[in-house]
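J.: Okay, so here is target14.cif, and as you'll see once you scroll down, it has mmCIF, C-alpha atoms.
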```cif
data_structure
#
loop_
_atom_site.label_atom_id
_atom_site.label_comp_id
_atom_site.auth_asym_id
_atom_site.auth_seq_id
_atom_site.Cartn_x
_atom_site.Cartn_y
_atom_site.Cartn_z
CA PHE R 1 -18.39 13.89 4.96
CA LEU R 2 -20.42 17.12 4.93
CA SER R 3 -23.38 15.67 6.81
CA GLY R 4 -20.95 14.21 9.37
CA TYR R 5 -19.43 17.67 9.88
CA ARG R 6 -22.86 19.26 10.26
CA GLU R 7 -23.83 16.67 12.88
CA PHE R 8 -20.55 17.27 14.72
CA ALA R 9 -20.97 21.08 14.61
CA GLU R 10 -24.53 20.81 15.96
CA ALA R 11 -23.53 18.41 18.74
CA PHE R 12 -20.44 20.44 19.73
CA PRO R 13 -21.09 24.10 18.85
CA GLU R 14 -18.18 25.25 21.06
CA GLN R 15 -15.67 23.40 18.86
CA SER R 16 -14.13 25.57 16.18
CA SER R 17 -12.02 23.00 14.35
CA GLN R 18 -12.55 22.68 10.63
CA TRP R 19 -12.72 19.41 8.81
CA VAL R 20 -10.63 18.91 5.70
CA MET R 21 -10.44 16.16 3.11
CA THR R 22 -8.22 15.94 0.05
CA ARG R 23 -8.19 13.16 -2.50
CA LYS R 24 -5.71 12.62 -5.29
CA ILE R 25 -5.09 9.91 -7.87
CA ASP R 26 -1.74 9.58 -9.62
CA VAL R 27 -0.81 7.28 -12.47
CA ILE R 28 2.38 5.61 -11.26
CA HIS R 29 2.87 3.17 -14.14
CA ASN R 30 1.51 2.80 -17.66
CA ALA R 31 3.44 0.38 -19.84
CA GLY R 32 3.44 -3.18 -21.10
CA GLY R 33 -0.33 -3.41 -20.93
CA LEU R 34 -0.40 -2.63 -17.20
CA PHE R 35 -1.75 0.56 -15.67
CA SER R 36 -1.17 1.38 -11.98
CA MET R 37 -2.69 4.12 -9.87
CA GLU R 38 -2.06 5.49 -6.40
CA TYR R 39 -5.05 6.96 -4.57
CA THR R 40 -4.22 9.20 -1.61
CA GLU R 41 -6.81 10.51 0.82
CA THR R 42 -5.94 12.85 3.66
CA SER R 43 -8.56 13.94 6.16
CA TYR R 44 -8.79 15.83 9.40
CA THR R 45 -12.00 15.55 11.40
CA GLY R 46 -10.72 16.75 14.75
CA GLY R 47 -8.55 14.83 17.12
CA ALA R 48 -4.82 14.67 17.57
CA HIS R 49 -3.76 14.53 13.93
CA PRO R 50 -4.90 14.17 10.33
CA ASN R 51 -5.08 10.73 8.74
CA THR R 52 -3.71 9.72 5.38
CA SER R 53 -4.49 6.55 3.49
CA VAL R 54 -2.82 5.34 0.30
CA LEU R 55 -4.46 2.68 -1.85
CA LEU R 56 -2.66 1.12 -4.80
CA ALA R 57 -4.26 -0.65 -7.74
CA CYS R 58 -3.08 -2.19 -10.99
CA PHE R 59 -5.25 -2.86 -14.03
CA ASP R 60 -4.99 -4.54 -17.39
CA ALA R 61 -4.85 -1.48 -19.65
CA ARG R 62 -6.75 -3.26 -22.44
CA THR R 63 -9.68 -4.62 -20.42
CA GLY R 64 -9.76 -2.43 -17.31
CA VAL R 65 -9.85 -5.55 -15.12
CA ARG R 66 -7.98 -5.26 -11.85
CA VAL R 67 -4.78 -7.32 -11.78
CA THR R 68 -4.08 -9.59 -8.80
CA LEU R 69 -0.85 -11.12 -7.56
CA GLU R 70 -2.15 -14.44 -8.88
CA ASP R 71 -2.25 -12.90 -12.37
CA LEU R 72 1.37 -11.79 -12.09
CA LEU R 73 3.15 -14.51 -10.14
CA ILE R 74 3.53 -18.28 -10.24
CA GLU R 75 0.95 -20.42 -8.46
CA ASP R 76 2.98 -21.12 -5.31
CA HIS R 77 4.44 -17.63 -4.90
CA GLY R 78 3.27 -17.11 -1.31
CA LYS R 79 6.25 -18.05 0.86
CA GLY R 80 8.83 -16.78 -1.62
CA LEU R 81 7.06 -13.44 -1.98
CA GLU R 82 6.63 -13.12 1.80
CA ALA R 83 10.36 -13.72 2.32
CA ILE R 84 11.38 -11.13 -0.28
CA ALA R 85 8.86 -8.63 1.10
CA GLU R 86 9.91 -9.17 4.72
CA GLN R 87 13.52 -8.55 3.78
CA ALA R 88 12.53 -5.30 2.03
CA PHE R 89 10.29 -4.27 4.96
CA ARG R 90 13.07 -4.89 7.47
CA ALA R 91 15.54 -2.93 5.34
CA GLU R 92 13.10 -0.02 5.00
CA ARG R 93 12.52 -0.01 8.77
CA SER R 94 16.22 -0.55 9.64
CA LEU R 95 15.47 -3.83 11.39
CA THR R 96 17.89 -6.71 11.55
CA GLU R 97 17.03 -10.07 10.02
CA THR R 98 16.33 -11.58 13.43
CA GLU R 99 14.85 -8.60 15.30
CA ASP R 100 11.47 -9.40 16.80
CA LEU R 101 8.77 -7.45 14.95
CA SER R 102 6.50 -7.21 18.01
CA SER R 103 9.35 -5.91 20.19
CA ALA R 104 10.09 -3.34 17.47
CA GLY R 105 6.51 -2.05 17.87
CA PHE R 106 4.77 -3.73 14.91
CA TRP R 107 1.38 -5.40 15.14
CA PHE R 108 1.86 -8.45 12.92
CA GLU R 109 -0.15 -11.36 14.30
CA ASN R 110 2.09 -13.62 16.38
CA GLY R 111 5.01 -11.36 15.43
CA THR R 112 5.07 -12.93 11.96
CA PHE R 113 5.41 -10.65 8.94
CA ARG R 114 2.47 -10.77 6.55
CA LEU R 115 2.29 -9.00 3.24
CA ASN R 116 -0.86 -7.06 2.50
CA ASP R 117 -2.60 -6.84 -0.88
CA ASN R 118 -2.16 -3.07 -1.26
CA PHE R 119 0.16 -3.26 -4.27
CA ALA R 120 0.78 -1.92 -7.74
CA VAL R 121 3.17 -2.59 -10.58
CA VAL R 122 5.75 0.20 -10.89
CA PRO R 123 8.69 0.52 -13.29
CA GLU R 124 11.05 -1.07 -10.73
CA GLY R 125 8.81 -4.06 -9.89
CA LEU R 126 6.03 -4.29 -7.31
CA LYS R 127 5.23 -1.58 -4.79
CA PHE R 128 3.48 -2.46 -1.52
CA TYR R 129 2.17 0.10 0.94
CA PHE R 130 1.33 -0.35 4.62
CA ASN R 131 -0.75 2.56 5.90
CA ALA R 132 -0.37 4.04 9.38
CA TYR R 133 -2.29 1.90 11.91
CA GLU R 134 -2.16 -1.11 9.57
CA VAL R 135 0.86 -2.81 11.14
CA GLY R 136 1.90 -0.30 13.79
CA PRO R 137 0.85 2.82 15.66
CA TYR R 138 0.34 6.16 13.93
CA SER R 139 3.61 7.43 15.39
CA MET R 140 5.53 4.84 13.32
CA GLY R 141 3.93 6.12 10.12
CA PRO R 142 3.37 4.20 6.90
CA THR R 143 5.82 1.89 5.19
CA SER R 144 6.33 1.66 1.44
CA ILE R 145 8.46 -1.07 -0.08
CA ILE R 146 9.42 -1.89 -3.64
CA LEU R 147 10.26 -5.45 -4.61
CA ASP R 148 12.49 -5.10 -7.63
CA SER R 149 11.99 -7.21 -10.72
CA GLU R 150 15.32 -8.95 -10.25
CA SER R 151 14.43 -10.25 -6.77
CA LEU R 152 11.03 -11.37 -8.12
CA SER R 153 12.33 -13.04 -11.28
CA SER R 154 11.83 -16.62 -10.06
CA LEU R 155 8.22 -15.82 -9.04
CA ILE R 156 7.03 -14.04 -12.20
CA ARG R 157 4.62 -16.07 -14.34
CA ALA R 158 6.26 -16.58 -17.71
CA GLU R 159 2.94 -16.13 -19.53
CA GLY R 160 1.64 -13.38 -17.23
CA PRO R 161 1.32 -9.64 -17.76
CA LEU R 162 4.30 -8.78 -15.55
CA ALA R 163 6.59 -10.88 -17.75
CA ALA R 164 5.17 -9.09 -20.80
CA ALA R 165 5.72 -5.73 -19.08
CA GLU R 166 9.33 -6.67 -18.39
CA ASP R 167 9.84 -7.16 -22.13
CA ALA R 168 8.12 -3.87 -22.99
CA PRO R 169 9.95 -0.63 -23.74
CA ALA R 170 10.84 1.66 -20.79
CA ALA R 171 7.82 2.55 -18.70
CA SER R 172 6.28 5.96 -18.76
CA HIS R 173 4.53 7.43 -15.76
#
```
As structure tokens, please, write out the structure in this file.

T.:
Amino acid sequence: FLSGYREFAEAFPEQSSQWVMTRKIDVIHNAGGLFSMEYTETSYTGGAHPNTSVLLACFDARTGVRVTLEDLLIEDHGKGLEAIAEQAFRAERSLTETEDLSSAGFWFENGTFRLNDNFAVVPEGLKFYFNAYEVGPYSMGPTSIILDSESLSSLIRAEGPLAAAEDAPAASH
């Protein structure tokens, strides 16, 4: 970051803009053997606006191994999870069930909703985060959705860590 700024300042000495970067990590869940973090990075390196990126991660609190959706959900969870997530995405973005995603300004390939893998376990269920530029222009901003445990109940692996977390005492974060 610093060497990039120095190179920029040398190449464009007439520019007076300052570069800024902030990074922050928050624990957003820590219960039932699962530990989730949210990493936020905001930077400004000139241009029209700053950029912010949010990365989510969930770990097994005992081993430190990163938890995947395959660890949490039944084997064939794909289509069911996509349908639940699309419904939550549309609700968050005030889109009707049949509204064309491409016409609404989103960049999903072939206009078909696809869930990303930027997720974490939170007390309510699973949180997914779409950063600006990921599925739409910067002007549309990011989209955060939470898939509640009740809507996911048929997809949760009975022997998996999410099922164990559901049986655990109230989450602390």

J.: Please report, as a tab-separated table, each residue of range 53-158 of chain R lying at most 9 Å from range 8-28 of chain R, together with the nearest pair of atoms and the separation in Å rounded to one decimal; use all atoms listed in the file, and order rows by chain and ascending residue number.

T.:
```
residue	atom	partner	partner_atom	distance
R:Ala120	CA	R:Ile28	CA	8.5
R:Val121	CA	R:Ile28	CA	8.3
R:Val122	CA	R:Ile28	CA	6.4
R:Pro123	CA	R:Ile28	CA	8.4
```

J.: On this file, the PyMOL selection byres ((chain R and resi 46-53) around 8) gives some set of residues; write that set as a list in words.

T.: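 This file, filtered by the PyMOL selection byres ((chain R and resi 46-53) around 8), leaves Ser17, Gln18, Trp19, Thr40, Glu41, Thr42, Ser43, Tyr44, Thr45, Val54, Leu55, Asn131 and Ala132 of chain R.
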
J.: If the PyMOL selection byres ((chain R and resi 100-107) around 6) were run on this exact file, what residues would it hold? Put them as a list in words.

T.: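 Given this file, the PyMOL selection byres ((chain R and resi 100-107) around 6) evaluates to Glu99, Phe108, Gly111, Val135 and Gly136 of chain R.
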
J.: Using all atoms listed in the file, which of R:Phe89, R:Phe1, R:Phe59, R:Tyr129 sits nearest Asp117 in chain R?

T.: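 Smallest distance to Asp117 in chain R is found for R:Tyr129.
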
J.: Can you give me, as a ChimeraX atom specification, the residues this file yields under the PyMOL selection byres ((chain R and resi 147) around 12)?

T.: /R:80-89,91-92,115,119-129,144-146,148-153,155-156

J.: State, in Å with one decimal place, the distance from CA of Arg114 in chain R to CA of Arg157 in chain R.

T.: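 Calculated distance between CA of Arg114 in chain R and CA of Arg157 in chain R is 21.7 Å.
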
J.: Save range 39-84 of chain R from what I just supplied, as a PDB file, in the first residue's frame, atoms limited to N, CA and C atoms.

T.:
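Dumped to result11.pdb:
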```
ATOM      1  N   TYR R  39     -14.497  -9.319   8.480  1.00  0.00           N
ATOM      2  CA  TYR R  39     -13.340  -8.485   8.173  1.00  0.00           C
ATOM      3  C   TYR R  39     -13.798  -7.388   7.223  1.00  0.00           C
ATOM      4  N   THR R  40     -13.579  -6.135   7.610  1.00  0.00           N
ATOM      5  CA  THR R  40     -13.967  -5.000   6.781  1.00  0.00           C
ATOM      6  C   THR R  40     -12.730  -4.198   6.426  1.00  0.00           C
ATOM      7  N   GLU R  41     -12.570  -3.941   5.138  1.00  0.00           N
ATOM      8  CA  GLU R  41     -11.460  -3.112   4.675  1.00  0.00           C
ATOM      9  C   GLU R  41     -12.024  -1.986   3.830  1.00  0.00           C
ATOM     10  N   THR R  42     -11.673  -0.765   4.203  1.00  0.00           N
ATOM     11  CA  THR R  42     -12.074   0.408   3.442  1.00  0.00           C
ATOM     12  C   THR R  42     -10.815   1.109   2.978  1.00  0.00           C
ATOM     13  N   SER R  43     -10.783   1.471   1.693  1.00  0.00           N
ATOM     14  CA  SER R  43      -9.604   2.148   1.167  1.00  0.00           C
ATOM     15  C   SER R  43     -10.021   3.243   0.200  1.00  0.00           C
ATOM     16  N   TYR R  44      -9.181   4.247   0.141  1.00  0.00           N
ATOM     17  CA  TYR R  44      -9.319   5.294  -0.861  1.00  0.00           C
ATOM     18  C   TYR R  44      -7.934   5.536  -1.450  1.00  0.00           C
ATOM     19  N   THR R  45      -7.819   5.338  -2.751  1.00  0.00           N
ATOM     20  CA  THR R  45      -6.541   5.519  -3.433  1.00  0.00           C
ATOM     21  C   THR R  45      -6.726   6.440  -4.635  1.00  0.00           C
ATOM     22  N   GLY R  46      -7.576   7.442  -4.450  1.00  0.00           N
ATOM     23  CA  GLY R  46      -7.896   8.358  -5.527  1.00  0.00           C
ATOM     24  C   GLY R  46      -9.124   7.848  -6.262  1.00  0.00           C
ATOM     25  N   GLY R  47      -9.581   8.600  -7.192  1.00  0.00           N
ATOM     26  CA  GLY R  47     -10.745   8.180  -7.954  1.00  0.00           C
ATOM     27  C   GLY R  47     -12.030   8.780  -7.412  1.00  0.00           C
ATOM     28  N   ALA R  48     -13.128   8.249  -7.879  1.00  0.00           N
ATOM     29  CA  ALA R  48     -14.430   8.829  -7.585  1.00  0.00           C
ATOM     30  C   ALA R  48     -14.927   8.569  -6.166  1.00  0.00           C
ATOM     31  N   HIS R  49     -14.495   7.487  -5.556  1.00  0.00           N
ATOM     32  CA  HIS R  49     -15.036   7.125  -4.249  1.00  0.00           C
ATOM     33  C   HIS R  49     -14.131   6.117  -3.553  1.00  0.00           C
ATOM     34  N   PRO R  50     -14.304   5.983  -2.239  1.00  0.00           N
ATOM     35  CA  PRO R  50     -13.579   4.917  -1.539  1.00  0.00           C
ATOM     36  C   PRO R  50     -14.203   3.561  -1.877  1.00  0.00           C
ATOM     37  N   ASN R  51     -13.523   2.506  -1.545  1.00  0.00           N
ATOM     38  CA  ASN R  51     -14.049   1.156  -1.723  1.00  0.00           C
ATOM     39  C   ASN R  51     -14.039   0.431  -0.390  1.00  0.00           C
ATOM     40  N   THR R  52     -15.091  -0.322  -0.155  1.00  0.00           N
ATOM     41  CA  THR R  52     -15.193  -1.121   1.059  1.00  0.00           C
ATOM     42  C   THR R  52     -15.459  -2.560   0.663  1.00  0.00           C
ATOM     43  N   SER R  53     -14.788  -3.461   1.348  1.00  0.00           N
ATOM     44  CA  SER R  53     -14.973  -4.886   1.115  1.00  0.00           C
ATOM     45  C   SER R  53     -15.197  -5.563   2.454  1.00  0.00           C
ATOM     46  N   VAL R  54     -16.186  -6.441   2.512  1.00  0.00           N
ATOM     47  CA  VAL R  54     -16.480  -7.200   3.724  1.00  0.00           C
ATOM     48  C   VAL R  54     -16.312  -8.678   3.401  1.00  0.00           C
ATOM     49  N   LEU R  55     -15.493  -9.345   4.199  1.00  0.00           N
ATOM     50  CA  LEU R  55     -15.284 -10.786   4.052  1.00  0.00           C
ATOM     51  C   LEU R  55     -15.739 -11.459   5.334  1.00  0.00           C
ATOM     52  N   LEU R  56     -16.519 -12.513   5.183  1.00  0.00           N
ATOM     53  CA  LEU R  56     -17.030 -13.265   6.322  1.00  0.00           C
ATOM     54  C   LEU R  56     -16.340 -14.618   6.375  1.00  0.00           C
ATOM     55  N   ALA R  57     -16.166 -15.127   7.582  1.00  0.00           N
ATOM     56  CA  ALA R  57     -15.556 -16.450   7.736  1.00  0.00           C
ATOM     57  C   ALA R  57     -16.073 -17.083   9.016  1.00  0.00           C
ATOM     58  N   CYS R  58     -16.219 -18.388   8.976  1.00  0.00           N
ATOM     59  CA  CYS R  58     -16.659 -19.159  10.137  1.00  0.00           C
ATOM     60  C   CYS R  58     -15.650 -20.285  10.358  1.00  0.00           C
ATOM     61  N   PHE R  59     -15.351 -20.524  11.636  1.00  0.00           N
ATOM     62  CA  PHE R  59     -14.358 -21.534  11.997  1.00  0.00           C
ATOM     63  C   PHE R  59     -14.896 -22.455  13.082  1.00  0.00           C
ATOM     64  N   ASP R  60     -14.367 -23.658  13.110  1.00  0.00           N
ATOM     65  CA  ASP R  60     -14.601 -24.560  14.228  1.00  0.00           C
ATOM     66  C   ASP R  60     -13.770 -24.006  15.379  1.00  0.00           C
ATOM     67  N   ALA R  61     -14.416 -23.635  16.465  1.00  0.00           N
ATOM     68  CA  ALA R  61     -13.723 -22.985  17.579  1.00  0.00           C
ATOM     69  C   ALA R  61     -12.706 -23.909  18.255  1.00  0.00           C
ATOM     70  N   ARG R  62     -12.896 -25.215  18.143  1.00  0.00           N
ATOM     71  CA  ARG R  62     -11.982 -26.154  18.795  1.00  0.00           C
ATOM     72  C   ARG R  62     -10.720 -26.403  17.978  1.00  0.00           C
ATOM     73  N   THR R  63     -10.866 -26.455  16.641  1.00  0.00           N
ATOM     74  CA  THR R  63      -9.736 -26.816  15.784  1.00  0.00           C
ATOM     75  C   THR R  63      -9.149 -25.633  15.012  1.00  0.00           C
ATOM     76  N   GLY R  64      -9.946 -24.577  14.837  1.00  0.00           N
ATOM     77  CA  GLY R  64      -9.510 -23.443  14.038  1.00  0.00           C
ATOM     78  C   GLY R  64      -9.677 -23.661  12.545  1.00  0.00           C
ATOM     79  N   VAL R  65     -10.245 -24.789  12.146  1.00  0.00           N
ATOM     80  CA  VAL R  65     -10.445 -25.099  10.737  1.00  0.00           C
ATOM     81  C   VAL R  65     -11.651 -24.314  10.217  1.00  0.00           C
ATOM     82  N   ARG R  66     -11.493 -23.748   9.032  1.00  0.00           N
ATOM     83  CA  ARG R  66     -12.585 -22.987   8.432  1.00  0.00           C
ATOM     84  C   ARG R  66     -13.746 -23.917   8.096  1.00  0.00           C
ATOM     85  N   VAL R  67     -14.945 -23.465   8.404  1.00  0.00           N
ATOM     86  CA  VAL R  67     -16.165 -24.236   8.179  1.00  0.00           C
ATOM     87  C   VAL R  67     -16.741 -23.862   6.815  1.00  0.00           C
ATOM     88  N   THR R  68     -17.157 -24.868   6.054  1.00  0.00           N
ATOM     89  CA  THR R  68     -17.752 -24.651   4.737  1.00  0.00           C
ATOM     90  C   THR R  68     -19.248 -24.935   4.807  1.00  0.00           C
ATOM     91  N   LEU R  69     -19.954 -24.565   3.766  1.00  0.00           N
ATOM     92  CA  LEU R  69     -21.386 -24.876   3.702  1.00  0.00           C
ATOM     93  C   LEU R  69     -21.597 -26.386   3.704  1.00  0.00           C
ATOM     94  N   GLU R  70     -20.675 -27.123   3.110  1.00  0.00           N
ATOM     95  CA  GLU R  70     -20.776 -28.586   3.089  1.00  0.00           C
ATOM     96  C   GLU R  70     -20.681 -29.168   4.491  1.00  0.00           C
ATOM     97  N   ASP R  71     -19.963 -28.492   5.388  1.00  0.00           N
ATOM     98  CA  ASP R  71     -19.874 -28.945   6.779  1.00  0.00           C
ATOM     99  C   ASP R  71     -21.185 -28.723   7.526  1.00  0.00           C
ATOM    100  N   LEU R  72     -21.937 -27.717   7.102  1.00  0.00           N
ATOM    101  CA  LEU R  72     -23.132 -27.289   7.830  1.00  0.00           C
ATOM    102  C   LEU R  72     -24.428 -27.859   7.293  1.00  0.00           C
ATOM    103  N   LEU R  73     -24.470 -28.086   5.985  1.00  0.00           N
ATOM    104  CA  LEU R  73     -25.736 -28.424   5.331  1.00  0.00           C
ATOM    105  C   LEU R  73     -25.702 -29.820   4.706  1.00  0.00           C
ATOM    106  N   ILE R  74     -26.891 -30.340   4.434  1.00  0.00           N
ATOM    107  CA  ILE R  74     -27.008 -31.666   3.829  1.00  0.00           C
ATOM    108  C   ILE R  74     -26.317 -31.687   2.464  1.00  0.00           C
ATOM    109  N   GLU R  75     -26.043 -32.888   1.992  1.00  0.00           N
ATOM    110  CA  GLU R  75     -25.261 -33.066   0.766  1.00  0.00           C
ATOM    111  C   GLU R  75     -25.855 -32.331  -0.435  1.00  0.00           C
ATOM    112  N   ASP R  76     -27.141 -32.454  -0.653  1.00  0.00           N
ATOM    113  CA  ASP R  76     -27.770 -31.834  -1.828  1.00  0.00           C
ATOM    114  C   ASP R  76     -28.468 -30.527  -1.476  1.00  0.00           C
ATOM    115  N   HIS R  77     -27.764 -29.649  -0.791  1.00  0.00           N
ATOM    116  CA  HIS R  77     -28.385 -28.400  -0.320  1.00  0.00           C
ATOM    117  C   HIS R  77     -28.457 -27.312  -1.386  1.00  0.00           C
ATOM    118  N   GLY R  78     -27.754 -27.462  -2.475  1.00  0.00           N
ATOM    119  CA  GLY R  78     -27.574 -26.404  -3.466  1.00  0.00           C
ATOM    120  C   GLY R  78     -28.822 -25.671  -3.907  1.00  0.00           C
ATOM    121  N   LYS R  79     -29.744 -26.379  -4.547  1.00  0.00           N
ATOM    122  CA  LYS R  79     -30.929 -25.718  -5.101  1.00  0.00           C
ATOM    123  C   LYS R  79     -31.825 -25.164  -4.006  1.00  0.00           C
ATOM    124  N   GLY R  80     -31.973 -25.898  -2.916  1.00  0.00           N
ATOM    125  CA  GLY R  80     -32.804 -25.414  -1.814  1.00  0.00           C
ATOM    126  C   GLY R  80     -32.226 -24.154  -1.194  1.00  0.00           C
ATOM    127  N   LEU R  81     -30.908 -24.145  -0.995  1.00  0.00           N
ATOM    128  CA  LEU R  81     -30.249 -22.979  -0.416  1.00  0.00           C
ATOM    129  C   LEU R  81     -30.340 -21.792  -1.371  1.00  0.00           C
ATOM    130  N   GLU R  82     -30.123 -22.024  -2.656  1.00  0.00           N
ATOM    131  CA  GLU R  82     -30.223 -20.947  -3.655  1.00  0.00           C
ATOM    132  C   GLU R  82     -31.618 -20.323  -3.629  1.00  0.00           C
ATOM    133  N   ALA R  83     -32.649 -21.158  -3.542  1.00  0.00           N
ATOM    134  CA  ALA R  83     -34.022 -20.643  -3.544  1.00  0.00           C
ATOM    135  C   ALA R  83     -34.301 -19.795  -2.305  1.00  0.00           C
ATOM    136  N   ILE R  84     -33.873 -20.258  -1.151  1.00  0.00           N
ATOM    137  CA  ILE R  84     -34.059 -19.496   0.089  1.00  0.00           C
ATOM    138  C   ILE R  84     -33.284 -18.185   0.020  1.00  0.00           C
TER     139      ILE R  84
END
```
